[in-house]
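Read through the structure below, which is laid out as structure tokens, and then see the notes.
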Amino acid sequence: MSVSLASRRTLRELCHPVPTTLALAIQGALFATPVFAQTPAVPELTTVTVMGEKMGRSEHNSVSAVTVFTAEEVAAKDKGTVLDLVSEVPNVTIGEFGGVANIRGSNGAGPGFSSLVWRGATRARTAIIIDGVSQVWTGGNLLSNGVWDVEQVEVLRGPQSTMQGRSAVGGAVVLKTKDPSFKPEGALRLGLQEANGKLLNQAAGVVSGPLSDSLAYRLSADLTRGDHFIDYVDNNTNAGVNYSSDPDKVVRNDIKTKLLWAPKSNPDLISRLDLQHQSQKGPYLNQVNVGDDGNYIASMDRVNHRIGDTRMNAVVSNTSYQFNANRSVDVLLSASRLDAGFTHNQTAPAATNTNNYFNANSKQDGLGLEARLNLASPTSGVKSMVGVSHFKDDLTVLARTYAGAIRYAGDTHTTATSLFGEVDYPLSKHLALIAGGRVERESQDRSITNGTVTRTRDASKTYVLPRFGVRYQLGAQTVFGLNLRKGYNPAGISMDINDGNISIYEAEYVTAFEASVKQRFNGGKGSWSVNLFNNGFKDYQVRNGALISNVDEATIRGIEFEVSSDLGSATHVYANASIQSGEVDRFTANTAYVGNKLPYAAPHTFGVGVTHRLTPQWTLGAHAKHVAAYHVDISNAAGTIAGQRAQAGDYTLVDVSASYAFNKQASVRAYVNNLFDEYVVNTYFQGTTSQDVRAPRTIGVRFDYRF
């Protein structure tokens, strides 16, 4: 090949701008304007490109708050899932139904809760995007995304709707898995961990290499088998219902096949085809009995035994073409099918109430297209991107009792077409302006029934989401930033299946302002950053009893701090902190809640960590994070069940690890997560007999071999 794949990637990233609806219209004028080239890149050991911004910016030059985990950093963390990994990020908590990332005090699950998500077809506020495709939120952690064979993980705090579109009003978690390589390589991992006396086994592997001088492949698999850490007790006394499945068993599969075409005859073209399969069976919630003090017991007379059986299959095509040094195009096509379901078993509140036994299923078919034209001027330093996207989503949900009666059923048909873009325009060698946004037309046709009452709604609307920013470079090491952007979640309807009452909720909006400063030190081996933010919400969607309401106005504001550095050649240290306040400013539907704290807005978080290479073979690590107590319901009220409280959080988790490298290919790692076995409650479900918890002390060992 005349140009190596790595060289082509570097070229494409250097010339990879992003979106503004005005990009094409003003591109010629921008290039014709005599402006200064930007300050030379900051000298650093490694330049990390923020993929979620789609502009090819380095982490240092981004004016957004972003935490990036490289492949090496992910491998050095003893985390099995994306949620476990991102929980280390400042101002990120894990809570709500089955676990979801809450970023900057914004409930990442959105207004939905339990089956309210299914009945209301609500949107998440935290998007999880894997290889450019947004993952579907289904009202619980029905599919756990792993971190095997990952190249990079980013956590972008604050609304990302201008770049990512749907389900990103609170933030986004962006994953890039590794591409096929033209050099044969492979890896194997065998792992075992124990929590609460239950064992989980992991077997993962990857092989990659050339099929020809222009075609490469990559096949990866991550398989998990074992028992959930919660003890699901079947004390069913309901006559006539035989609940015989083993609720503790966990089976997870994550398999990806990739083909990369980089024709030797056309070194400017790169195309990748991905086939993805995920499946998960077993419990997907971390619920235990209210009042549980560390036994991690979920008895059927008190807790929903929800046994999931979910599969997702997707086909993804990514194609990039570099016309010249100034212009390139990226095209993403995707098709996915999600079959999600669970069996709900619970004897409470009445032993003779067979309606507490039902099956719920959803089918969701998605088609997506995104095309971006990237423009750059090496002389002026102007970079821009303009893109179009279109997605179509058809969702059908159905829940029936064991006797066959409909508990709820519904259909949601959604299409959205967007024009988005951005311009990064240097005014001088120190100062640059950023302008862009997204115009999105979303059409949503929704129906819901409880078997007796049926309601429908057309929630079509055009959303205009601007983004403006300023970046000021004070020398090569220090960058100041200002960032103003807007995000949204669409309107919809939901039903209380018990009485057929309908809640019609409107679209929510957030206007976010952020000021930041980032600085490199220690010869580029260290960095620190401070982000000050204010998120003003209009019509913030919240769960209000069994329905969904709009809080007219709410505000979340705070400050975040991160620092990391190498200390010599063997030690790396890092720390982060956040302080914030989220409050209800105006709530017409319930004025008594004005002044209340928003759910999941933890007042502060603190984290510290260190890794130390003791010898060339031995490496030690430790991490600790504290999360303050936070409210879990808009009412801020105590629960109505004995042992239930109004707040969750207020915990400190400590993880430690030690690894030994036999050689460059083989290593073994031992770890203890939640070293002091702290009992952590993420959520108290108001008025129910269950609460959501995080895992107790977890002891694990894994063996890695690369070839």
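We label chains A, B, ... in the order they appear in the structure tokens, count residues from 1 in each chain, and number ligands from 1 in the order shown.
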Report task. Within range 112-335 of chain A, find each residue whose DSSP state, derived from the backbone, is helix (DSSP H, G or I), and express the selection as a VMD selection string. Result -> chain A and resid 115 to 120 161 to 164
Residues just named, written with C-alpha atoms as a PDB file, in the first residue's frame:
```
ATOM      1  CA  SER A 115     -42.477   0.074  32.757  1.00  0.00           C
ATOM      2  CA  LEU A 116     -43.193   3.814  32.559  1.00  0.00           C
ATOM      3  CA  VAL A 117     -40.365   3.942  30.008  1.00  0.00           C
ATOM      4  CA  TRP A 118     -42.089   1.282  27.920  1.00  0.00           C
ATOM      5  CA  ARG A 119     -45.557   2.775  28.328  1.00  0.00           C
ATOM      6  CA  GLY A 120     -44.349   6.313  27.692  1.00  0.00           C
ATOM      7  CA  SER A 161     -27.721  17.257  21.025  1.00  0.00           C
ATOM      8  CA  THR A 162     -26.056  19.464  18.412  1.00  0.00           C
ATOM      9  CA  MET A 163     -23.619  16.694  17.473  1.00  0.00           C
ATOM     10  CA  GLN A 164     -25.331  13.480  18.594  1.00  0.00           C
TER      11      GLN A 164
END
```
Requested in this report: Tell me which protein, DNA and RNA residues are within 10 Å of range 335-340 of chain A, counting only C-alpha atoms, leaving out same-chain ones fewer than 3 positions away, and put them as a VMD selection string.
Outcome: chain A and resid 133 135 to 136 138 to 139 142 to 143 275 to 280 308 to 317 360 to 369 391 to 397
Query raised in the report: Excluding same-chain residues fewer than 6 positions from range 447-462 of chain A, what lies within 10 Å of it counting only C-alpha atoms, as a count of residues only?
Result: 43
Requested in this report: Write down as a ChimeraX atom specification the residues of range 108-166 of chain A whose backbone DSSP state falls under strand (DSSP E).
Outcome: /A:126-130,133-134,150-157
Query raised in the report: Excluding same-chain residues fewer than 4 positions from Leu211 in chain A, what lies within 12 Å of it counting only C-alpha atoms, as a ChimeraX atom specification?
Result: /A:180-184,215-218,258-262
Query - All residues 8 Å or closer to Ser320 in chain A, only C-alpha atoms, same chain fewer than 4 positions away omitted, as a PyMOL selection string - result: chain A and resi 269-271+328-331
**Report entry** For Asp552 in chain A: contacts at 10 Å, only C-alpha atoms, fewer than 6 positions along chain excluded, given as number ranges by chain
**Finding:** A: 508, 537-541, 584-589
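With only C-alpha atoms as the atoms that count, the residue of A:Asn91, A:Gln193, A:Ser299, A:Asn636 with the shortest distance to Arg697 in chain A is A:Gln193.
Each of A:Ala195, A:Val464, A:Ala403, A:Ala371 was compared to Tyr357 in chain A using only C-alpha atoms, and A:Ala403 turns out to be the nearest.
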Using only C-alpha atoms, I'd like a table of the residues in range 175-283 of chain A that come within 10 Å of range 74-83 of chain A; for each, show the closest atom pair and its distance in Å rounded to one decimal, ordered by chain and ascending number, as a Markdown table.
```
| residue | atom | partner | partner_atom | distance |
| --- | --- | --- | --- | --- |
| A:Leu175 | CA | A:Val82 | CA | 8.9 |
| A:Gln202 | CA | A:Gly80 | CA | 9.3 |
| A:Thr224 | CA | A:Gly80 | CA | 9.9 |
```
With N, CA and C atoms retained, export the selected residues as a compact mmCIF listing (two decimals), in the first residue's frame.
```txt
# COMPACT_ATOMS: atom_id res chain seq x y z
N LEU A 175 -18.10 5.36 22.53
CA LEU A 175 -17.12 4.27 22.47
C LEU A 175 -16.68 4.05 21.04
N GLN A 202 -15.62 -14.93 32.78
CA GLN A 202 -15.49 -14.23 31.51
C GLN A 202 -14.49 -14.94 30.62
N THR A 224 -19.90 -13.95 29.04
CA THR A 224 -19.97 -13.96 30.50
C THR A 224 -21.01 -14.99 30.94
```
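Between Arg438 in chain A and the residues A:Val150, A:Leu188, A:Leu474, A:Val388, the shortest atom-to-atom distance, using only C-alpha atoms, involves A:Val388.
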Would you give me, as JSON lines, each residue of range 335-420 of chain A having an atom within 12 Å of an atom of range 245-249 of chain A, along with its shortest atom pair and that distance in Å to one decimal, using only C-alpha atoms and sorting by chain and residue number?
```
{"residue": "A:Phe342", "atom": "CA", "partner": "A:Pro247", "partner_atom": "CA", "distance": 11.4}
{"residue": "A:Thr343", "atom": "CA", "partner": "A:Pro247", "partner_atom": "CA", "distance": 10.2}
{"residue": "A:His344", "atom": "CA", "partner": "A:Pro247", "partner_atom": "CA", "distance": 10.9}
{"residue": "A:Asn345", "atom": "CA", "partner": "A:Pro247", "partner_atom": "CA", "distance": 10.2}
```
Based on the selection just made, write N, CA and C atoms of those residues as a PDB file, in the first residue's frame.
```pdb
ATOM      1  N   PHE A 342     -38.867  -9.226  29.216  1.00  0.00           N
ATOM      2  CA  PHE A 342     -38.619  -9.711  30.568  1.00  0.00           C
ATOM      3  C   PHE A 342     -39.873 -10.381  31.105  1.00  0.00           C
ATOM      4  N   THR A 343     -39.668 -11.250  32.070  1.00  0.00           N
ATOM      5  CA  THR A 343     -40.754 -11.870  32.814  1.00  0.00           C
ATOM      6  C   THR A 343     -40.806 -11.225  34.193  1.00  0.00           C
ATOM      7  N   HIS A 344     -41.959 -10.731  34.566  1.00  0.00           N
ATOM      8  CA  HIS A 344     -42.153 -10.040  35.840  1.00  0.00           C
ATOM      9  C   HIS A 344     -42.864 -10.989  36.797  1.00  0.00           C
ATOM     10  N   ASN A 345     -42.232 -11.273  37.939  1.00  0.00           N
ATOM     11  CA  ASN A 345     -42.812 -12.175  38.934  1.00  0.00           C
ATOM     12  C   ASN A 345     -42.727 -11.536  40.313  1.00  0.00           C
TER      13      ASN A 345
END
```
**Report entry** Atom-to-atom span, CA of Gln287 in chain A and CA of Ile307 in chain A, Å
**Finding:**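 We find that CA of Gln287 in chain A and CA of Ile307 in chain A lie 12.1 Å from each other.
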Report task. Would you mind reading off the distance between CA of Ser58 in chain A and CA of Asp179 in chain A, one decimal, in Å? Result -> 20.2 Å
Query raised in the report: Using only C-alpha atoms, which of the listed residues (A:Asn289, A:Thr611, A:Thr688, A:Ser106) sits closest to Val510 in chain A?
Result: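 When distances to Val510 in chain A are compared using only C-alpha atoms, the smallest one comes from A:Ser106.
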